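**Q** Below is a structure I'd like to ask you about.
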Amino acid sequence: GAMSGYVWFGRQDAAFAACRQAEAGGAAIGGPFSLVDKAGATVTDKEAITGPTLVYFGYTFCPDVCPLDMSRNAEVADMMAAEGRKLGLVFITVDPARDTPQVVGEFAANHHPDAIGLTGTVDQITAAAKAYKVYFKVNDDGTDYYPVDHTAFTYLMVPGTGLVDFYRVDTSVEDVAKSVSCAMDVAETSN
């Protein structure tokens, strides 16, 4: 199942405050990672997040929250594309044992053709999750369909700023799109 909680924002991104749907506070979310894409190539955070990007941690066997969030995020990316804007989509698994590069790549692509699916070793996934303050626990019960508890937030990341906003599963497509569009406006004017 998915876990929720509070996310804190740093002071360095005050320009984005008007764009936020979420409550603000103080610790850094996000940071460096080195993971593996569908082709088995190493991908760093700098390569995956080249512009405003929605980053989501989940797993492909997830029966409910992960597909809903990824579908919503894909819809927002399509809305931004209709405005001539590129929104990145990154899916990072918290279940590397089942989510091979091919599996996670297909899952991401099934939601959006431009989405990047990333996996890695347990240590790589743990390091990425720690950087994003993502909780996860694999409940391997010996079956093929074991659940994984995890934080279920979508993070809006902007290079040079970091976390701009985050969205819970119950945040509507319209609210995410409004926040993302606002953040894109701010990012464009600050460049």
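Chain labels run A, B, ... following the order of the structure tokens; each chain numbers its residues from 1, and ligands are numbered from 1 in the order shown.
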Could you list, as a list in words, every residue within 6 Å of Ala74 (chain A), counting only C-alpha atoms and ignoring same-chain residues fewer than 3 positions away?
**A**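 Answer for this query is Ser71, Ala77 and His112 of chain A.
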**Q** Please save all heavy atoms of the selected residues as a tab-separated table (two decimals), in the first residue's frame.
**A**
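Output saved as out_9.tsv:
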chain	number	residue	atom	x	y	z
A	71	SER	N	-0.89	7.47	-14.76
A	71	SER	CA	-1.86	7.88	-15.79
A	71	SER	C	-2.16	9.37	-15.68
A	71	SER	O	-2.22	10.08	-16.67
A	71	SER	CB	-3.14	7.06	-15.68
A	71	SER	OG	-2.89	5.71	-16.00
A	77	ALA	N	1.32	15.64	-18.78
A	77	ALA	CA	2.36	15.82	-19.80
A	77	ALA	C	1.74	16.10	-21.16
A	77	ALA	O	2.22	16.96	-21.91
A	77	ALA	CB	3.27	14.59	-19.86
A	112	HIS	N	3.12	6.58	-21.02
A	112	HIS	CA	3.42	7.72	-21.89
A	112	HIS	C	4.66	7.38	-22.71
A	112	HIS	O	5.63	6.87	-22.15
A	112	HIS	CB	3.66	8.98	-21.07
A	112	HIS	CG	3.59	10.22	-21.87
A	112	HIS	ND1	4.65	10.69	-22.62
A	112	HIS	CD2	2.58	11.11	-22.08
A	112	HIS	CE1	4.31	11.80	-23.23
A	112	HIS	NE2	3.04	12.08	-22.92
**Q** Using only C-alpha atoms, determine which residues lie at most 8 Å from Gly31 (chain A), disregarding the query and same-chain residues fewer than 5 positions distant; provide the list as a PDB file with all heavy atoms, in the first residue's frame.
**A**
ATOM      1  N   ASP A  45      20.522  11.462 -12.330  1.00  0.00           N
ATOM      2  CA  ASP A  45      19.473  12.464 -12.145  1.00  0.00           C
ATOM      3  C   ASP A  45      19.644  13.613 -13.131  1.00  0.00           C
ATOM      4  O   ASP A  45      18.661  14.141 -13.641  1.00  0.00           O
ATOM      5  CB  ASP A  45      19.477  12.993 -10.707  1.00  0.00           C
ATOM      6  CG  ASP A  45      20.839  13.526 -10.288  1.00  0.00           C
ATOM      7  OD1 ASP A  45      21.792  12.713 -10.225  1.00  0.00           O
ATOM      8  OD2 ASP A  45      20.966  14.736 -10.037  1.00  0.00           O
ATOM      9  N   ALA A 128      18.427   6.356  -4.024  1.00  0.00           N
ATOM     10  CA  ALA A 128      17.519   7.297  -4.684  1.00  0.00           C
ATOM     11  C   ALA A 128      16.322   7.603  -3.784  1.00  0.00           C
ATOM     12  O   ALA A 128      15.922   8.762  -3.635  1.00  0.00           O
ATOM     13  CB  ALA A 128      17.051   6.739  -6.025  1.00  0.00           C
ATOM     14  N   ALA A 131      17.288   9.952  -1.011  1.00  0.00           N
ATOM     15  CA  ALA A 131      17.434  11.336  -1.486  1.00  0.00           C
ATOM     16  C   ALA A 131      16.079  12.034  -1.593  1.00  0.00           C
ATOM     17  O   ALA A 131      15.963  13.232  -1.343  1.00  0.00           O
ATOM     18  CB  ALA A 131      18.151  11.370  -2.836  1.00  0.00           C
ATOM     19  N   TYR A 132      15.047  11.268  -1.951  1.00  0.00           N
ATOM     20  CA  TYR A 132      13.702  11.832  -2.113  1.00  0.00           C
ATOM     21  C   TYR A 132      12.830  11.642  -0.873  1.00  0.00           C
ATOM     22  O   TYR A 132      11.637  11.920  -0.912  1.00  0.00           O
ATOM     23  CB  TYR A 132      13.028  11.217  -3.345  1.00  0.00           C
ATOM     24  CG  TYR A 132      13.492  11.864  -4.627  1.00  0.00           C
ATOM     25  CD1 TYR A 132      14.716  11.532  -5.196  1.00  0.00           C
ATOM     26  CD2 TYR A 132      12.725  12.831  -5.260  1.00  0.00           C
ATOM     27  CE1 TYR A 132      15.153  12.138  -6.358  1.00  0.00           C
ATOM     28  CE2 TYR A 132      13.155  13.443  -6.425  1.00  0.00           C
ATOM     29  CZ  TYR A 132      14.372  13.094  -6.961  1.00  0.00           C
ATOM     30  OH  TYR A 132      14.806  13.698  -8.110  1.00  0.00           O
ATOM     31  N   GLY A 162      15.370  22.124  -7.739  1.00  0.00           N
ATOM     32  CA  GLY A 162      15.021  20.931  -6.980  1.00  0.00           C
ATOM     33  C   GLY A 162      13.512  20.799  -6.900  1.00  0.00           C
ATOM     34  O   GLY A 162      12.799  21.094  -7.862  1.00  0.00           O
TER      35      GLY A 162
END
**Q** What are the DSSP alpha helix (DSSP H) residues of chain A, as number ranges by chain?
**A** A: 45-48, 65-82, 101-111, 122-131, 173-189
**Q** Store the residues picked out above, limited to C-alpha atoms, as a PDB file, in the first residue's frame.
**A**
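Result file is again_34.pdb:
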ATOM      1  CA  ASP A  45      19.473  12.464 -12.145  1.00  0.00           C
ATOM      2  CA  LYS A  46      21.123  15.098 -14.374  1.00  0.00           C
ATOM      3  CA  GLU A  47      20.290  13.015 -17.470  1.00  0.00           C
ATOM      4  CA  ALA A  48      16.744  12.113 -16.377  1.00  0.00           C
ATOM      5  CA  VAL A  65      -2.073   3.813  -6.726  1.00  0.00           C
ATOM      6  CA  CYS A  66       0.936   3.580  -9.079  1.00  0.00           C
ATOM      7  CA  PRO A  67      -1.050   3.127 -12.310  1.00  0.00           C
ATOM      8  CA  LEU A  68      -3.469   5.897 -11.275  1.00  0.00           C
ATOM      9  CA  ASP A  69      -0.685   8.362 -10.486  1.00  0.00           C
ATOM     10  CA  MET A  70       1.277   7.520 -13.633  1.00  0.00           C
ATOM     11  CA  SER A  71      -1.856   7.877 -15.788  1.00  0.00           C
ATOM     12  CA  ARG A  72      -2.597  11.265 -14.232  1.00  0.00           C
ATOM     13  CA  ASN A  73       1.014  12.373 -14.735  1.00  0.00           C
ATOM     14  CA  ALA A  74       0.893  11.265 -18.384  1.00  0.00           C
ATOM     15  CA  GLU A  75      -2.305  13.235 -18.896  1.00  0.00           C
ATOM     16  CA  VAL A  76      -0.622  16.337 -17.460  1.00  0.00           C
ATOM     17  CA  ALA A  77       2.364  15.818 -19.799  1.00  0.00           C
ATOM     18  CA  ASP A  78      -0.053  15.651 -22.744  1.00  0.00           C
ATOM     19  CA  MET A  79      -1.749  18.860 -21.578  1.00  0.00           C
ATOM     20  CA  MET A  80       1.627  20.617 -21.412  1.00  0.00           C
ATOM     21  CA  ALA A  81       2.561  19.252 -24.864  1.00  0.00           C
ATOM     22  CA  ALA A  82      -0.677  20.720 -26.242  1.00  0.00           C
ATOM     23  CA  PRO A 101      15.006  -2.769 -16.911  1.00  0.00           C
ATOM     24  CA  GLN A 102      12.675  -4.184 -19.578  1.00  0.00           C
ATOM     25  CA  VAL A 103       9.666  -4.464 -17.236  1.00  0.00           C
ATOM     26  CA  VAL A 104      10.036  -0.947 -15.801  1.00  0.00           C
ATOM     27  CA  GLY A 105      10.712   0.480 -19.268  1.00  0.00           C
ATOM     28  CA  GLU A 106       7.549  -1.091 -20.691  1.00  0.00           C
ATOM     29  CA  PHE A 107       5.483   0.063 -17.700  1.00  0.00           C
ATOM     30  CA  ALA A 108       6.637   3.667 -18.147  1.00  0.00           C
ATOM     31  CA  ALA A 109       6.153   3.578 -21.941  1.00  0.00           C
ATOM     32  CA  ASN A 110       2.663   2.106 -21.556  1.00  0.00           C
ATOM     33  CA  HIS A 111       1.692   5.219 -19.617  1.00  0.00           C
ATOM     34  CA  VAL A 122      18.691  -2.579  -4.081  1.00  0.00           C
ATOM     35  CA  ASP A 123      21.484  -0.209  -3.000  1.00  0.00           C
ATOM     36  CA  GLN A 124      20.871   2.143  -5.956  1.00  0.00           C
ATOM     37  CA  ILE A 125      17.101   2.198  -5.336  1.00  0.00           C
ATOM     38  CA  THR A 126      17.613   2.725  -1.605  1.00  0.00           C
ATOM     39  CA  ALA A 127      19.978   5.658  -2.256  1.00  0.00           C
ATOM     40  CA  ALA A 128      17.519   7.297  -4.684  1.00  0.00           C
ATOM     41  CA  ALA A 129      14.606   6.756  -2.288  1.00  0.00           C
ATOM     42  CA  LYS A 130      16.633   8.218   0.582  1.00  0.00           C
ATOM     43  CA  ALA A 131      17.434  11.336  -1.486  1.00  0.00           C
ATOM     44  CA  VAL A 173      -5.250  16.306 -13.191  1.00  0.00           C
ATOM     45  CA  GLU A 174      -6.390  19.934 -13.356  1.00  0.00           C
ATOM     46  CA  ASP A 175      -4.672  20.898 -10.092  1.00  0.00           C
ATOM     47  CA  VAL A 176      -1.410  19.204 -11.080  1.00  0.00           C
ATOM     48  CA  ALA A 177      -1.530  20.846 -14.533  1.00  0.00           C
ATOM     49  CA  LYS A 178      -2.159  24.283 -12.978  1.00  0.00           C
ATOM     50  CA  SER A 179       0.795  23.869 -10.602  1.00  0.00           C
ATOM     51  CA  VAL A 180       3.101  22.510 -13.336  1.00  0.00           C
ATOM     52  CA  SER A 181       2.146  25.265 -15.786  1.00  0.00           C
ATOM     53  CA  CYS A 182       2.802  27.934 -13.139  1.00  0.00           C
ATOM     54  CA  ALA A 183       6.188  26.373 -12.297  1.00  0.00           C
ATOM     55  CA  MET A 184       7.088  26.268 -15.988  1.00  0.00           C
ATOM     56  CA  ASP A 185       6.247  29.979 -16.260  1.00  0.00           C
ATOM     57  CA  VAL A 186       8.514  30.769 -13.302  1.00  0.00           C
ATOM     58  CA  ALA A 187      11.328  28.525 -14.608  1.00  0.00           C
ATOM     59  CA  GLU A 188      11.138  30.179 -18.053  1.00  0.00           C
ATOM     60  CA  THR A 189      11.291  33.715 -16.632  1.00  0.00           C
TER      61      THR A 189
END
**Q** Work out how far apart CA of Thr119 (chain A) and CA of Phe136 (chain A) are and give it in Å to one decimal.
**A**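 Interatomic distance here is 14.3 Å.
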**Q** Show which residues sit within 7 Å of Arg168 (chain A), as number ranges by chain. Count only C-alpha atoms, and ignore same-chain residues fewer than 4 positions away.
**A** A: 152-154
**Q** What would the file look like if the residues just selected were written as an mmCIF file, in the first residue's frame with C-alpha atoms?
**A**
data_model
loop_
_atom_site.group_PDB
_atom_site.id
_atom_site.type_symbol
_atom_site.label_atom_id
_atom_site.label_comp_id
_atom_site.auth_asym_id
_atom_site.auth_seq_id
_atom_site.Cartn_x
_atom_site.Cartn_y
_atom_site.Cartn_z
ATOM 1 C CA ALA A 152 2.932 7.717 -2.960
ATOM 2 C CA PHE A 153 3.839 11.236 -4.018
ATOM 3 C CA THR A 154 4.624 12.660 -7.420
#
**Q** Compile the contact shell of Tyr59 (chain A) as an NGL selection string: residues with an atom at most 6 Å away, counting only C-alpha atoms, same-chain residues fewer than 6 positions apart removed.
**A** :A and (93-95)
**Q** What does the distance from CA of Arg85 (chain A) to CA of Cys62 (chain A) come to in Å, to one decimal?
**A** 29.7 Å
**Q** Pick out each residue of region 8-124 of chain A that DSSP on the backbone tags as strand (DSSP E or B); I need them as a list in words.
**A**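 Taking region 8-124 of chain A and keeping strand (DSSP E or B) gives Ser34, Leu35, Val36, Thr42, Val43, Thr44, Thr53, Leu54, Val55, Tyr56, Phe57, Gly58, Gly88, Leu89, Val90, Phe91, Ile92, Thr93, Ile116, Gly117, Leu118 and Thr119 of chain A.
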**Q** Any chance you can output those residues with all heavy atoms as a compact mmCIF listing (two decimals), in the first residue's frame?
**A**
# COMPACT_ATOMS: atom_id res chain seq x y z
N SER A 34 21.87 7.33 -9.52
CA SER A 34 22.43 6.63 -10.66
C SER A 34 21.67 5.32 -10.77
O SER A 34 21.80 4.45 -9.91
CB SER A 34 23.93 6.38 -10.45
OG SER A 34 24.47 5.69 -11.56
N LEU A 35 20.83 5.22 -11.80
CA LEU A 35 19.95 4.07 -11.97
C LEU A 35 20.12 3.49 -13.37
O LEU A 35 21.02 3.89 -14.11
CB LEU A 35 18.50 4.49 -11.68
CG LEU A 35 18.26 4.99 -10.25
CD1 LEU A 35 16.92 5.67 -10.14
CD2 LEU A 35 18.36 3.84 -9.26
N VAL A 36 19.24 2.57 -13.75
CA VAL A 36 19.36 1.86 -15.02
C VAL A 36 18.07 1.98 -15.80
O VAL A 36 16.98 1.78 -15.25
CB VAL A 36 19.69 0.36 -14.76
CG1 VAL A 36 19.79 -0.40 -16.06
CG2 VAL A 36 20.98 0.23 -13.95
N THR A 42 23.19 3.19 -17.74
CA THR A 42 23.18 3.98 -16.51
C THR A 42 22.64 5.38 -16.81
O THR A 42 23.03 6.00 -17.79
CB THR A 42 24.60 4.08 -15.92
OG1 THR A 42 25.04 2.75 -15.60
CG2 THR A 42 24.62 4.93 -14.67
N VAL A 43 21.72 5.83 -15.96
CA VAL A 43 21.10 7.16 -16.11
C VAL A 43 21.22 7.86 -14.76
O VAL A 43 20.83 7.32 -13.73
CB VAL A 43 19.62 7.04 -16.52
CG1 VAL A 43 18.96 8.41 -16.55
CG2 VAL A 43 19.48 6.34 -17.85
N THR A 44 21.75 9.08 -14.79
CA THR A 44 21.85 9.87 -13.56
C THR A 44 20.67 10.84 -13.48
O THR A 44 19.94 11.04 -14.46
CB THR A 44 23.16 10.69 -13.53
OG1 THR A 44 23.09 11.69 -14.56
CG2 THR A 44 24.38 9.79 -13.72
N THR A 53 10.12 18.19 -14.45
CA THR A 53 9.90 16.75 -14.53
C THR A 53 9.08 16.26 -13.36
O THR A 53 9.33 16.64 -12.21
CB THR A 53 11.27 16.00 -14.53
OG1 THR A 53 12.05 16.47 -15.64
CG2 THR A 53 11.10 14.50 -14.64
N LEU A 54 8.11 15.38 -13.64
CA LEU A 54 7.36 14.70 -12.59
C LEU A 54 8.09 13.38 -12.30
O LEU A 54 8.27 12.56 -13.20
CB LEU A 54 5.93 14.43 -13.03
CG LEU A 54 5.06 15.68 -13.24
CD1 LEU A 54 3.67 15.27 -13.73
CD2 LEU A 54 4.97 16.52 -11.98
N VAL A 55 8.51 13.21 -11.05
CA VAL A 55 9.23 12.01 -10.62
C VAL A 55 8.32 11.23 -9.68
O VAL A 55 7.77 11.80 -8.72
CB VAL A 55 10.54 12.38 -9.91
CG1 VAL A 55 11.26 11.12 -9.40
CG2 VAL A 55 11.45 13.18 -10.85
N TYR A 56 8.17 9.93 -9.95
CA TYR A 56 7.30 9.08 -9.14
C TYR A 56 8.02 7.80 -8.77
O TYR A 56 8.63 7.15 -9.63
CB TYR A 56 6.02 8.75 -9.92
CG TYR A 56 5.01 8.01 -9.09
CD1 TYR A 56 4.18 8.70 -8.22
CD2 TYR A 56 4.90 6.63 -9.14
CE1 TYR A 56 3.26 8.04 -7.42
CE2 TYR A 56 3.98 5.95 -8.35
CZ TYR A 56 3.17 6.66 -7.49
OH TYR A 56 2.26 5.99 -6.70
N PHE A 57 7.95 7.42 -7.51
CA PHE A 57 8.49 6.15 -7.03
C PHE A 57 7.33 5.19 -6.81
O PHE A 57 6.36 5.53 -6.12
CB PHE A 57 9.21 6.35 -5.69
CG PHE A 57 10.54 7.02 -5.79
CD1 PHE A 57 10.63 8.40 -5.96
CD2 PHE A 57 11.71 6.29 -5.71
CE1 PHE A 57 11.86 9.03 -6.04
CE2 PHE A 57 12.96 6.91 -5.79
CZ PHE A 57 13.03 8.29 -5.96
N GLY A 58 7.41 4.00 -7.37
CA GLY A 58 6.36 3.00 -7.23
C GLY A 58 6.86 1.66 -7.71
O GLY A 58 8.06 1.41 -7.76
N GLY A 88 8.90 16.41 -18.40
CA GLY A 88 9.51 15.09 -18.26
C GLY A 88 8.71 14.22 -17.31
O GLY A 88 8.07 14.72 -16.38
N LEU A 89 8.76 12.91 -17.54
CA LEU A 89 8.12 11.93 -16.67
C LEU A 89 9.14 10.85 -16.33
O LEU A 89 9.70 10.23 -17.23
CB LEU A 89 6.93 11.27 -17.36
CG LEU A 89 5.74 12.15 -17.74
CD1 LEU A 89 4.72 11.34 -18.53
CD2 LEU A 89 5.10 12.74 -16.49
N VAL A 90 9.35 10.63 -15.04
CA VAL A 90 10.29 9.60 -14.59
C VAL A 90 9.58 8.71 -13.58
O VAL A 90 8.99 9.19 -12.62
CB VAL A 90 11.54 10.23 -13.95
CG1 VAL A 90 12.45 9.15 -13.37
CG2 VAL A 90 12.30 11.07 -14.97
N PHE A 91 9.66 7.39 -13.83
CA PHE A 91 9.13 6.39 -12.90
C PHE A 91 10.32 5.62 -12.35
O PHE A 91 11.10 5.04 -13.11
CB PHE A 91 8.17 5.44 -13.62
CG PHE A 91 7.67 4.33 -12.75
CD1 PHE A 91 6.59 4.51 -11.92
CD2 PHE A 91 8.29 3.09 -12.76
CE1 PHE A 91 6.12 3.48 -11.10
CE2 PHE A 91 7.83 2.05 -11.95
CZ PHE A 91 6.75 2.25 -11.12
N ILE A 92 10.47 5.60 -11.03
CA ILE A 92 11.56 4.87 -10.37
C ILE A 92 10.95 3.76 -9.53
O ILE A 92 10.12 4.03 -8.66
CB ILE A 92 12.41 5.80 -9.49
CG1 ILE A 92 13.02 6.93 -10.34
CG2 ILE A 92 13.50 5.01 -8.76
CD1 ILE A 92 13.74 8.01 -9.54
N THR A 93 11.34 2.53 -9.81
CA THR A 93 10.78 1.42 -9.06
C THR A 93 11.34 1.33 -7.64
O THR A 93 12.47 1.73 -7.39
CB THR A 93 11.02 0.07 -9.76
OG1 THR A 93 10.31 -0.95 -9.04
CG2 THR A 93 12.49 -0.30 -9.81
N ILE A 116 10.29 7.82 -18.75
CA ILE A 116 11.50 7.05 -18.51
C ILE A 116 11.26 6.17 -17.30
O ILE A 116 10.90 6.67 -16.22
CB ILE A 116 12.70 7.99 -18.23
CG1 ILE A 116 12.95 8.93 -19.41
CG2 ILE A 116 13.94 7.18 -17.89
CD1 ILE A 116 13.93 10.04 -19.08
N GLY A 117 11.47 4.88 -17.45
CA GLY A 117 11.39 3.94 -16.33
C GLY A 117 12.79 3.59 -15.87
O GLY A 117 13.65 3.28 -16.69
N LEU A 118 13.01 3.65 -14.55
CA LEU A 118 14.34 3.39 -14.01
C LEU A 118 14.30 2.34 -12.91
O LEU A 118 13.37 2.31 -12.10
CB LEU A 118 14.96 4.67 -13.47
CG LEU A 118 15.17 5.80 -14.48
CD1 LEU A 118 15.63 7.07 -13.78
CD2 LEU A 118 16.17 5.38 -15.55
N THR A 119 15.32 1.51 -12.88
CA THR A 119 15.49 0.49 -11.85
C THR A 119 16.96 0.48 -11.46
O THR A 119 17.70 1.40 -11.81
CB THR A 119 15.00 -0.89 -12.34
OG1 THR A 119 15.00 -1.80 -11.24
CG2 THR A 119 15.84 -1.45 -13.47
**Q** Can you pull out every residue within 9 Å of Pro147 (chain A), counting only C-alpha atoms, but drop anything in the same chain fewer than 5 positions away, and send it as JSON, numbers by chain?
**A** {"A": [1, 61, 62, 63, 137, 138, 139, 140, 141]}
**Q** Ranking A:Ala18, A:Ile49, A:Tyr167, A:Tyr135 by minimum distance to Phe33 (chain A) and counting only C-alpha atoms, which one comes first?
**A**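 Ranking A:Ala18, A:Ile49, A:Tyr167, A:Tyr135 by distance to Phe33 (chain A), first place goes to A:Ile49.
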**Q** Please list as a PyMOL selection string every residue within 8 Å of Arg20 (chain A), counting only C-alpha atoms and excluding residues in the same chain fewer than 5 positions away.
**A** chain A and resi 164-166+179
**Q** Output N, CA and C atoms for every residue in that selection, as a PDB file, in the first residue's frame.
**A**
ATOM      1  N   VAL A 164       9.814  21.558  -6.447  1.00  0.00           N
ATOM      2  CA  VAL A 164       8.939  22.727  -6.547  1.00  0.00           C
ATOM      3  C   VAL A 164       7.606  22.438  -5.879  1.00  0.00           C
ATOM      4  N   ASP A 165       7.074  21.239  -6.083  1.00  0.00           N
ATOM      5  CA  ASP A 165       5.785  20.862  -5.496  1.00  0.00           C
ATOM      6  C   ASP A 165       5.695  19.353  -5.463  1.00  0.00           C
ATOM      7  N   PHE A 166       4.697  18.843  -4.762  1.00  0.00           N
ATOM      8  CA  PHE A 166       4.420  17.416  -4.784  1.00  0.00           C
ATOM      9  C   PHE A 166       2.919  17.224  -4.799  1.00  0.00           C
ATOM     10  N   SER A 179      -0.456  23.711 -11.341  1.00  0.00           N
ATOM     11  CA  SER A 179       0.795  23.869 -10.602  1.00  0.00           C
ATOM     12  C   SER A 179       2.003  23.747 -11.531  1.00  0.00           C
TER      13      SER A 179
END
